[in-house]
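Written out below as structure tokens is the structure these notes cover.
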Amino acid sequence: MHTVSATRRTLALLAAVTAAGLALSGCAGSSDEGDSADAGAGGSVEVAGATIAKDDELAALVPAEIADRGTLTAIQFDNAPADTFVGEDDEITGWGPDLGRAVAGVLGLEYAPEVSGAFDTFIPGIENGRYDTSWASIIVTQERLDVVDIVAVHESTTGVITKEGAGLSISEPEDLCGLRVGALAGSAFLIQIEEIVTLCEDAGEDAPTIDSFPQQGAAQLAVTSDRIDAFMTAKGQLSWLLREDSSAEGFEIQPLDYQPNLEGIAVSRDSGMTEAITAAVNKLIEDGSYETIMGFWDIDFGLVDEAVANPDVAG
């Protein structure tokens with residue numbers, strides 16, 4: 001990935017939300033209209049450099065209840081850049097929300113996200129139908145597929161961040177044996193750490209101790225204050241953190257690339273939106289809009305050739 005200047009980053013945060021012009025809920029000062037209404041009426045909307053038009057054939061796949069409502073609801077995490085985060089203007093942004101805006105535009109809907117920092121509530125909220133969807137950073141696991149649908153739109157690897165100068169070298173999973181390792185509460189990374197616990201125990205090594213955190217910022221503080229040795233999350237998010245966040249000084253990304261995983265869009269089965277969303281994402285892939293949106297956020301790795309609903313999970 002190439003470096004994004006501070007100027008471009010500010011423009012990106014503004015353009016990604018104002019160009020889409022979609023109403024937000026649960027986010028201060030967020031009730032824009034205009035372009036979103038035009039898209040719903042068959043017009044077009046600009047999202048992260050891509051022009052998105054309604055596709056009447058795909059819009060016909062939207063269940064009547066949602067079509068009549070006119071919105072695609074979502075629960076979005078507030079602090080996982082560049083996937084999904086609250087920008088400098090207090091609006092939700094990132095490649096996940098932008099992809100959500102684009103898909104909503106294709107289907108003639110408004111993208112209506114609610115912002116939350118409680119990631120461990122997302123899957124239950126989608127399962128019980130409170131939200132139609134959540135976009136980005138939803139890693140495909142069998143446990144999740146048992147209760148919600150997931151449309152895979154990206155492949156990510158897990159990375160590890162440590163305190164700079166801590167003298168740690170982590171290039172293999174076993175290098176985490178005996179360390180204090182943290183991850184986001186409710187995330188698939190906790191499952192991965194549990195797997196590493198088994199690897200260490202099978203090798204006769206001390207297992208890592210595990211801590212979970214409600215917010216990424218809390219995990220960062222735990223690393224800098226030596227409460228934990230390492231924090232695990234998507235490597236793309238860690239790269240963004242070190243490059244873009246001045247508060248991230250004093251961290252280093254370890255060489256470990258652990259378990260490539262498909263991630264994407266969690267969809268409530270009660271919503272009946274899985275087929276429509278999958279088809280809309282594939283339209284964006286075919287016409288180049290998907291690559292444009294991902295590239296806007298410097299995501300030039302892990303792109304997929306086809307969005308797949310509920311892909312097989314190895315093991």
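Naming works like this for the structure tokens: A, B, ... for the chains as they're shown, residue 1 at the start of each chain, ligands 1 onward in shown order.
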Q | 8 Å contact set for stretch 146-151 of chain A, only C-alpha atoms, chain neighbours under 2 positions out, as a list of chain:residue names | A |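 The neighbour list is A:Ile123, A:Ile126, A:Glu127, A:Ile138, A:Val140, A:Gln142, A:Glu143, A:Arg144, A:Val153, A:Glu263, A:Gly264, A:Ile265, A:Ala266, A:Val267, A:Ser268, A:Arg269, A:Thr274, A:Ile277, A:Thr278, A:Ala307, A:Val308, A:Ala309, A:Asn310, A:Pro311.
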Residues of stretch 27-118 of chain A at most 10 Å from stretch 236-241 of chain A: nearest atom pair and distance in Å, only C-alpha atoms, as a Markdown table:
| residue | atom | partner | partner_atom | distance |
| --- | --- | --- | --- | --- |
| A:Asn79 | CA | A:Gln237 | CA | 9.7 |
| A:Ala80 | CA | A:Gln237 | CA | 6.3 |
| A:Pro81 | CA | A:Gln237 | CA | 5.6 |
| A:Ala82 | CA | A:Gln237 | CA | 6.0 |
| A:Asp83 | CA | A:Gln237 | CA | 7.1 |
| A:Thr84 | CA | A:Gln237 | CA | 9.5 |
Keeping only all heavy atoms, write those residues as a compact mmCIF listing (two decimals), in the first residue's frame.
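The result, written out as result.txt:
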# COMPACT_ATOMS: atom_id res chain seq x y z
N ASN A 79 -14.08 2.12 15.43
CA ASN A 79 -12.64 2.36 15.51
C ASN A 79 -11.85 1.18 14.95
O ASN A 79 -11.15 0.48 15.68
CB ASN A 79 -12.22 2.62 16.96
CG ASN A 79 -10.75 3.00 17.08
OD1 ASN A 79 -10.15 3.47 16.12
ND2 ASN A 79 -10.17 2.79 18.25
N ALA A 80 -11.97 0.95 13.65
CA ALA A 80 -11.16 -0.08 12.99
C ALA A 80 -10.74 0.42 11.61
O ALA A 80 -11.11 -0.16 10.60
CB ALA A 80 -11.92 -1.39 12.89
N PRO A 81 -10.00 1.54 11.57
CA PRO A 81 -9.57 2.06 10.26
C PRO A 81 -8.57 1.11 9.60
O PRO A 81 -7.84 0.41 10.28
CB PRO A 81 -8.90 3.38 10.63
CG PRO A 81 -8.46 3.21 12.07
CD PRO A 81 -9.48 2.33 12.69
N ALA A 82 -8.52 0.99 8.30
CA ALA A 82 -9.31 1.75 7.35
C ALA A 82 -10.62 1.04 6.99
O ALA A 82 -11.30 1.44 6.05
CB ALA A 82 -8.50 1.94 6.07
N ASP A 83 -10.99 0.01 7.76
CA ASP A 83 -12.20 -0.76 7.45
C ASP A 83 -13.46 0.03 7.77
O ASP A 83 -14.34 0.20 6.92
CB ASP A 83 -12.22 -2.08 8.23
CG ASP A 83 -11.06 -2.99 7.89
OD1 ASP A 83 -10.12 -2.53 7.20
OD2 ASP A 83 -11.08 -4.15 8.30
N THR A 84 -13.58 0.48 9.01
CA THR A 84 -14.76 1.20 9.45
C THR A 84 -14.40 2.00 10.70
O THR A 84 -13.88 1.44 11.66
CB THR A 84 -15.94 0.23 9.73
OG1 THR A 84 -17.00 0.93 10.37
CG2 THR A 84 -15.53 -0.94 10.59
Q: Would you please work out which residue, of A:Glu195, A:Ile285, A:Phe296, A:Phe119, is nearest to A:Val47 when using only C-alpha atoms?
A: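 Smallest separation from A:Val47 among the options: A:Phe296.
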Check the DSSP output for the backbone and give back, as a tab-separated table (two decimals) with all heavy atoms, in the first residue's frame, the residues of stretch 129-228 of chain A in helix (DSSP H, G or I).
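result_38.tsv written:
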chain	number	residue	atom	x	y	z
A	142	GLN	N	-17.38	-20.51	11.42
A	142	GLN	CA	-18.53	-21.39	11.46
A	142	GLN	C	-19.51	-20.96	12.54
A	142	GLN	O	-20.74	-21.04	12.36
A	142	GLN	CB	-18.11	-22.85	11.67
A	142	GLN	CG	-19.24	-23.85	11.50
A	142	GLN	CD	-19.90	-23.74	10.14
A	142	GLN	OE1	-19.24	-23.85	9.11
A	142	GLN	NE2	-21.21	-23.50	10.12
A	143	GLU	N	-18.99	-20.51	13.66
A	143	GLU	CA	-19.86	-20.06	14.75
A	143	GLU	C	-20.78	-18.94	14.29
A	143	GLU	O	-21.98	-18.92	14.62
A	143	GLU	CB	-19.00	-19.59	15.93
A	143	GLU	CG	-19.80	-19.13	17.13
A	143	GLU	CD	-18.91	-18.65	18.27
A	143	GLU	OE1	-17.74	-18.28	18.01
A	143	GLU	OE2	-19.40	-18.62	19.41
A	144	ARG	N	-20.26	-18.02	13.49
A	144	ARG	CA	-21.09	-16.93	12.98
A	144	ARG	C	-22.05	-17.41	11.90
A	144	ARG	O	-23.21	-16.98	11.85
A	144	ARG	CB	-20.19	-15.82	12.44
A	144	ARG	CG	-19.46	-15.07	13.55
A	144	ARG	CD	-18.44	-14.09	13.02
A	144	ARG	NE	-17.84	-13.33	14.12
A	144	ARG	CZ	-16.79	-12.54	14.00
A	144	ARG	NH1	-16.21	-12.40	12.81
A	144	ARG	NH2	-16.31	-11.89	15.04
A	145	LEU	N	-21.56	-18.31	11.04
A	145	LEU	CA	-22.42	-18.83	9.97
A	145	LEU	C	-23.59	-19.64	10.53
A	145	LEU	O	-24.58	-19.84	9.83
A	145	LEU	CB	-21.61	-19.68	9.00
A	145	LEU	CG	-20.59	-18.94	8.14
A	145	LEU	CD1	-19.82	-19.93	7.26
A	145	LEU	CD2	-21.26	-17.89	7.28
A	173	PRO	N	3.37	-18.45	14.88
A	173	PRO	CA	2.39	-18.47	15.97
A	173	PRO	C	2.99	-18.89	17.31
A	173	PRO	O	2.62	-18.36	18.36
A	173	PRO	CB	1.35	-19.49	15.48
A	173	PRO	CG	1.48	-19.50	14.00
A	173	PRO	CD	2.92	-19.23	13.71
A	174	GLU	N	3.93	-19.83	17.25
A	174	GLU	CA	4.54	-20.33	18.49
A	174	GLU	C	5.34	-19.26	19.22
A	174	GLU	O	5.64	-19.40	20.42
A	174	GLU	CB	5.43	-21.53	18.18
A	174	GLU	CG	4.69	-22.79	17.77
A	174	GLU	CD	4.28	-22.79	16.30
A	174	GLU	OE1	4.59	-21.80	15.58
A	174	GLU	OE2	3.64	-23.75	15.85
A	175	ASP	N	5.71	-18.17	18.51
A	175	ASP	CA	6.43	-17.08	19.17
A	175	ASP	C	5.56	-16.33	20.17
A	175	ASP	O	6.05	-15.53	20.97
A	175	ASP	CB	6.97	-16.09	18.13
A	175	ASP	CG	8.06	-16.71	17.26
A	175	ASP	OD1	8.75	-17.63	17.74
A	175	ASP	OD2	8.21	-16.27	16.11
A	176	LEU	N	4.24	-16.60	20.14
A	176	LEU	CA	3.33	-15.99	21.10
A	176	LEU	C	3.21	-16.80	22.38
A	176	LEU	O	2.57	-16.35	23.34
A	176	LEU	CB	1.95	-15.82	20.47
A	176	LEU	CG	1.84	-14.78	19.35
A	176	LEU	CD1	0.52	-14.93	18.60
A	176	LEU	CD2	1.96	-13.36	19.91
A	188	ALA	N	-13.10	-12.52	15.97
A	188	ALA	CA	-12.59	-13.85	15.61
A	188	ALA	C	-11.14	-14.02	16.05
A	188	ALA	O	-10.64	-15.15	16.11
A	188	ALA	CB	-12.71	-14.08	14.11
A	189	PHE	N	-10.46	-12.92	16.36
A	189	PHE	CA	-9.06	-13.01	16.78
A	189	PHE	C	-8.93	-13.73	18.12
A	189	PHE	O	-7.91	-14.37	18.38
A	189	PHE	CB	-8.45	-11.61	16.83
A	189	PHE	CG	-8.63	-10.85	15.55
A	189	PHE	CD1	-9.45	-9.74	15.49
A	189	PHE	CD2	-8.00	-11.26	14.38
A	189	PHE	CE1	-9.64	-9.05	14.31
A	189	PHE	CE2	-8.19	-10.58	13.19
A	189	PHE	CZ	-9.00	-9.47	13.15
A	190	LEU	N	-9.95	-13.63	18.96
A	190	LEU	CA	-9.92	-14.39	20.21
A	190	LEU	C	-9.94	-15.89	19.95
A	190	LEU	O	-9.27	-16.66	20.64
A	190	LEU	CB	-11.11	-14.00	21.09
A	190	LEU	CG	-11.05	-12.62	21.75
A	190	LEU	CD1	-12.38	-12.30	22.42
A	190	LEU	CD2	-9.90	-12.54	22.75
A	191	ILE	N	-10.69	-16.29	18.93
A	191	ILE	CA	-10.71	-17.70	18.54
A	191	ILE	C	-9.33	-18.13	18.07
A	191	ILE	O	-8.84	-19.21	18.41
A	191	ILE	CB	-11.76	-17.95	17.44
A	191	ILE	CG1	-13.17	-17.59	17.95
A	191	ILE	CG2	-11.72	-19.39	16.95
A	191	ILE	CD1	-14.23	-17.62	16.89
A	192	GLN	N	-8.68	-17.26	17.30
A	192	GLN	CA	-7.34	-17.58	16.80
A	192	GLN	C	-6.34	-17.73	17.95
A	192	GLN	O	-5.47	-18.61	17.91
A	192	GLN	CB	-6.88	-16.51	15.82
A	192	GLN	CG	-7.69	-16.49	14.53
A	192	GLN	CD	-7.23	-15.41	13.58
A	192	GLN	OE1	-6.59	-14.43	13.97
A	192	GLN	NE2	-7.57	-15.57	12.31
A	193	ILE	N	-6.45	-16.87	18.95
A	193	ILE	CA	-5.53	-16.98	20.09
A	193	ILE	C	-5.76	-18.29	20.83
A	193	ILE	O	-4.82	-18.94	21.29
A	193	ILE	CB	-5.68	-15.77	21.03
A	193	ILE	CG1	-5.38	-14.47	20.29
A	193	ILE	CG2	-4.72	-15.91	22.21
A	193	ILE	CD1	-5.67	-13.21	21.11
A	194	GLU	N	-7.03	-18.70	20.94
A	194	GLU	CA	-7.32	-19.99	21.57
A	194	GLU	C	-6.65	-21.13	20.79
A	194	GLU	O	-6.16	-22.09	21.40
A	194	GLU	CB	-8.83	-20.21	21.63
A	194	GLU	CG	-9.57	-19.29	22.59
A	194	GLU	CD	-9.38	-19.68	24.05
A	194	GLU	OE1	-8.67	-20.66	24.33
A	194	GLU	OE2	-9.95	-18.97	24.92
A	195	GLU	N	-6.63	-21.02	19.47
A	195	GLU	CA	-5.95	-22.03	18.66
A	195	GLU	C	-4.45	-22.03	18.93
A	195	GLU	O	-3.81	-23.09	18.96
A	195	GLU	CB	-6.23	-21.77	17.18
A	195	GLU	CG	-7.70	-21.96	16.79
A	195	GLU	CD	-8.01	-21.43	15.41
A	195	GLU	OE1	-7.12	-20.81	14.79
A	195	GLU	OE2	-9.16	-21.62	14.96
A	196	ILE	N	-3.89	-20.84	19.14
A	196	ILE	CA	-2.46	-20.74	19.44
A	196	ILE	C	-2.17	-21.31	20.83
A	196	ILE	O	-1.11	-21.91	21.06
A	196	ILE	CB	-1.99	-19.28	19.31
A	196	ILE	CG1	-2.07	-18.84	17.83
A	196	ILE	CG2	-0.56	-19.11	19.83
A	196	ILE	CD1	-1.84	-17.37	17.61
A	197	VAL	N	-3.11	-21.14	21.75
A	197	VAL	CA	-2.97	-21.78	23.06
A	197	VAL	C	-2.77	-23.28	22.90
A	197	VAL	O	-1.87	-23.89	23.52
A	197	VAL	CB	-4.21	-21.50	23.94
A	197	VAL	CG1	-4.22	-22.42	25.17
A	197	VAL	CG2	-4.23	-20.04	24.39
A	198	THR	N	-3.58	-23.90	22.06
A	198	THR	CA	-3.47	-25.35	21.82
A	198	THR	C	-2.13	-25.70	21.18
A	198	THR	O	-1.48	-26.69	21.56
A	198	THR	CB	-4.62	-25.82	20.90
A	198	THR	OG1	-5.86	-25.53	21.54
A	198	THR	CG2	-4.52	-27.32	20.65
A	199	LEU	N	-1.69	-24.87	20.21
A	199	LEU	CA	-0.38	-25.11	19.57
A	199	LEU	C	0.73	-25.09	20.61
A	199	LEU	O	1.62	-25.96	20.59
A	199	LEU	CB	-0.11	-24.03	18.51
A	199	LEU	CG	-0.85	-24.10	17.19
A	199	LEU	CD1	-0.49	-22.89	16.32
A	199	LEU	CD2	-0.48	-25.39	16.44
A	200	CYS	N	0.69	-24.12	21.50
A	200	CYS	CA	1.74	-24.01	22.51
A	200	CYS	C	1.70	-25.18	23.48
A	200	CYS	O	2.75	-25.76	23.82
A	200	CYS	CB	1.58	-22.69	23.27
A	200	CYS	SG	1.88	-21.21	22.27
A	201	GLU	N	0.52	-25.54	23.91
A	201	GLU	CA	0.40	-26.66	24.85
A	201	GLU	C	0.85	-27.96	24.21
A	201	GLU	O	1.54	-28.78	24.86
A	201	GLU	CB	-1.05	-26.77	25.33
A	201	GLU	CG	-1.46	-25.62	26.24
A	201	GLU	CD	-2.93	-25.66	26.60
A	201	GLU	OE1	-3.70	-26.39	25.92
A	201	GLU	OE2	-3.33	-24.97	27.56
A	202	ASP	N	0.51	-28.17	22.94
A	202	ASP	CA	0.95	-29.38	22.23
A	202	ASP	C	2.46	-29.43	22.07
A	202	ASP	O	3.06	-30.51	22.01
A	202	ASP	CB	0.29	-29.46	20.85
A	202	ASP	CG	-1.20	-29.76	20.94
A	202	ASP	OD1	-1.66	-30.15	22.03
A	202	ASP	OD2	-1.89	-29.60	19.92
A	216	GLN	N	-10.31	-0.71	20.52
A	216	GLN	CA	-8.93	-0.84	20.08
A	216	GLN	C	-8.02	0.10	20.85
A	216	GLN	O	-6.88	-0.24	21.17
A	216	GLN	CB	-8.83	-0.55	18.57
A	216	GLN	CG	-7.44	-0.79	17.98
A	216	GLN	CD	-7.47	-0.93	16.48
A	216	GLN	OE1	-8.03	-1.89	15.96
A	216	GLN	NE2	-6.89	0.01	15.77
A	217	GLY	N	-8.52	1.30	21.17
A	217	GLY	CA	-7.71	2.24	21.93
A	217	GLY	C	-7.33	1.70	23.29
A	217	GLY	O	-6.22	1.93	23.78
A	218	ALA	N	-8.24	0.96	23.93
A	218	ALA	CA	-7.94	0.36	25.23
A	218	ALA	C	-6.86	-0.69	25.10
A	218	ALA	O	-5.99	-0.82	25.98
A	218	ALA	CB	-9.21	-0.25	25.82
A	219	ALA	N	-6.88	-1.43	23.99
A	219	ALA	CA	-5.84	-2.44	23.77
A	219	ALA	C	-4.48	-1.79	23.52
A	219	ALA	O	-3.45	-2.25	24.02
A	219	ALA	CB	-6.23	-3.33	22.59
A	220	GLN	N	-4.49	-0.69	22.76
A	220	GLN	CA	-3.24	0.03	22.53
A	220	GLN	C	-2.64	0.51	23.85
A	220	GLN	O	-1.43	0.40	24.08
A	220	GLN	CB	-3.49	1.23	21.61
A	220	GLN	CG	-3.82	0.88	20.18
A	220	GLN	CD	-4.22	2.12	19.40
A	220	GLN	OE1	-5.20	2.14	18.67
A	220	GLN	NE2	-3.46	3.18	19.56
A	221	LEU	N	-3.50	1.05	24.71
A	221	LEU	CA	-3.03	1.53	26.01
A	221	LEU	C	-2.48	0.39	26.84
A	221	LEU	O	-1.46	0.55	27.54
A	221	LEU	CB	-4.19	2.21	26.75
A	221	LEU	CG	-3.87	2.76	28.14
A	221	LEU	CD1	-2.78	3.83	28.06
A	221	LEU	CD2	-5.13	3.34	28.78
A	222	ALA	N	-3.11	-0.78	26.74
A	222	ALA	CA	-2.62	-1.94	27.49
A	222	ALA	C	-1.24	-2.36	27.02
A	222	ALA	O	-0.40	-2.80	27.82
A	222	ALA	CB	-3.60	-3.10	27.34
A	223	VAL	N	-0.97	-2.21	25.72
A	223	VAL	CA	0.37	-2.53	25.20
A	223	VAL	C	1.39	-1.51	25.70
A	223	VAL	O	2.47	-1.88	26.19
A	223	VAL	CB	0.36	-2.57	23.65
A	223	VAL	CG1	1.78	-2.74	23.12
A	223	VAL	CG2	-0.52	-3.71	23.15
A	224	THR	N	1.07	-0.23	25.60
A	224	THR	CA	2.04	0.79	26.00
A	224	THR	C	2.30	0.79	27.49
A	224	THR	O	3.38	1.17	27.94
A	224	THR	CB	1.57	2.20	25.57
A	224	THR	OG1	0.28	2.47	26.16
A	224	THR	CG2	1.46	2.28	24.05
Report as JSON lines the residues of stretch 47-105 of chain A within 10 Å of stretch 270-273 of chain A, each with its shortest atom pair and distance in Å (one decimal), using only C-alpha atoms, ordered by chain and increasing residue number.
{"residue": "A:Leu61", "atom": "CA", "partner": "A:Met273", "partner_atom": "CA", "distance": 7.9}
{"residue": "A:Val62", "atom": "CA", "partner": "A:Met273", "partner_atom": "CA", "distance": 6.3}
{"residue": "A:Pro63", "atom": "CA", "partner": "A:Gly272", "partner_atom": "CA", "distance": 6.4}
{"residue": "A:Ala64", "atom": "CA", "partner": "A:Gly272", "partner_atom": "CA", "distance": 9.8}
{"residue": "A:Glu65", "atom": "CA", "partner": "A:Ser271", "partner_atom": "CA", "distance": 8.8}
{"residue": "A:Ile66", "atom": "CA", "partner": "A:Ser271", "partner_atom": "CA", "distance": 7.8}
{"residue": "A:Leu72", "atom": "CA", "partner": "A:Met273", "partner_atom": "CA", "distance": 9.2}
{"residue": "A:Thr73", "atom": "CA", "partner": "A:Ser271", "partner_atom": "CA", "distance": 10.0}
Q.
If I take atom CA of A:Asp229 and atom CA of A:Thr157, how far is one from the other in Å, to one decimal?
A.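 Here the two named atoms are 19.7 Å from each other.
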Q) With only C-alpha atoms as the atoms that count, which of A:Gly167, A:Gly96, A:Val106, A:Asn282 lies nearest to A:Ser134? A)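 Closest candidate: A:Gly96.
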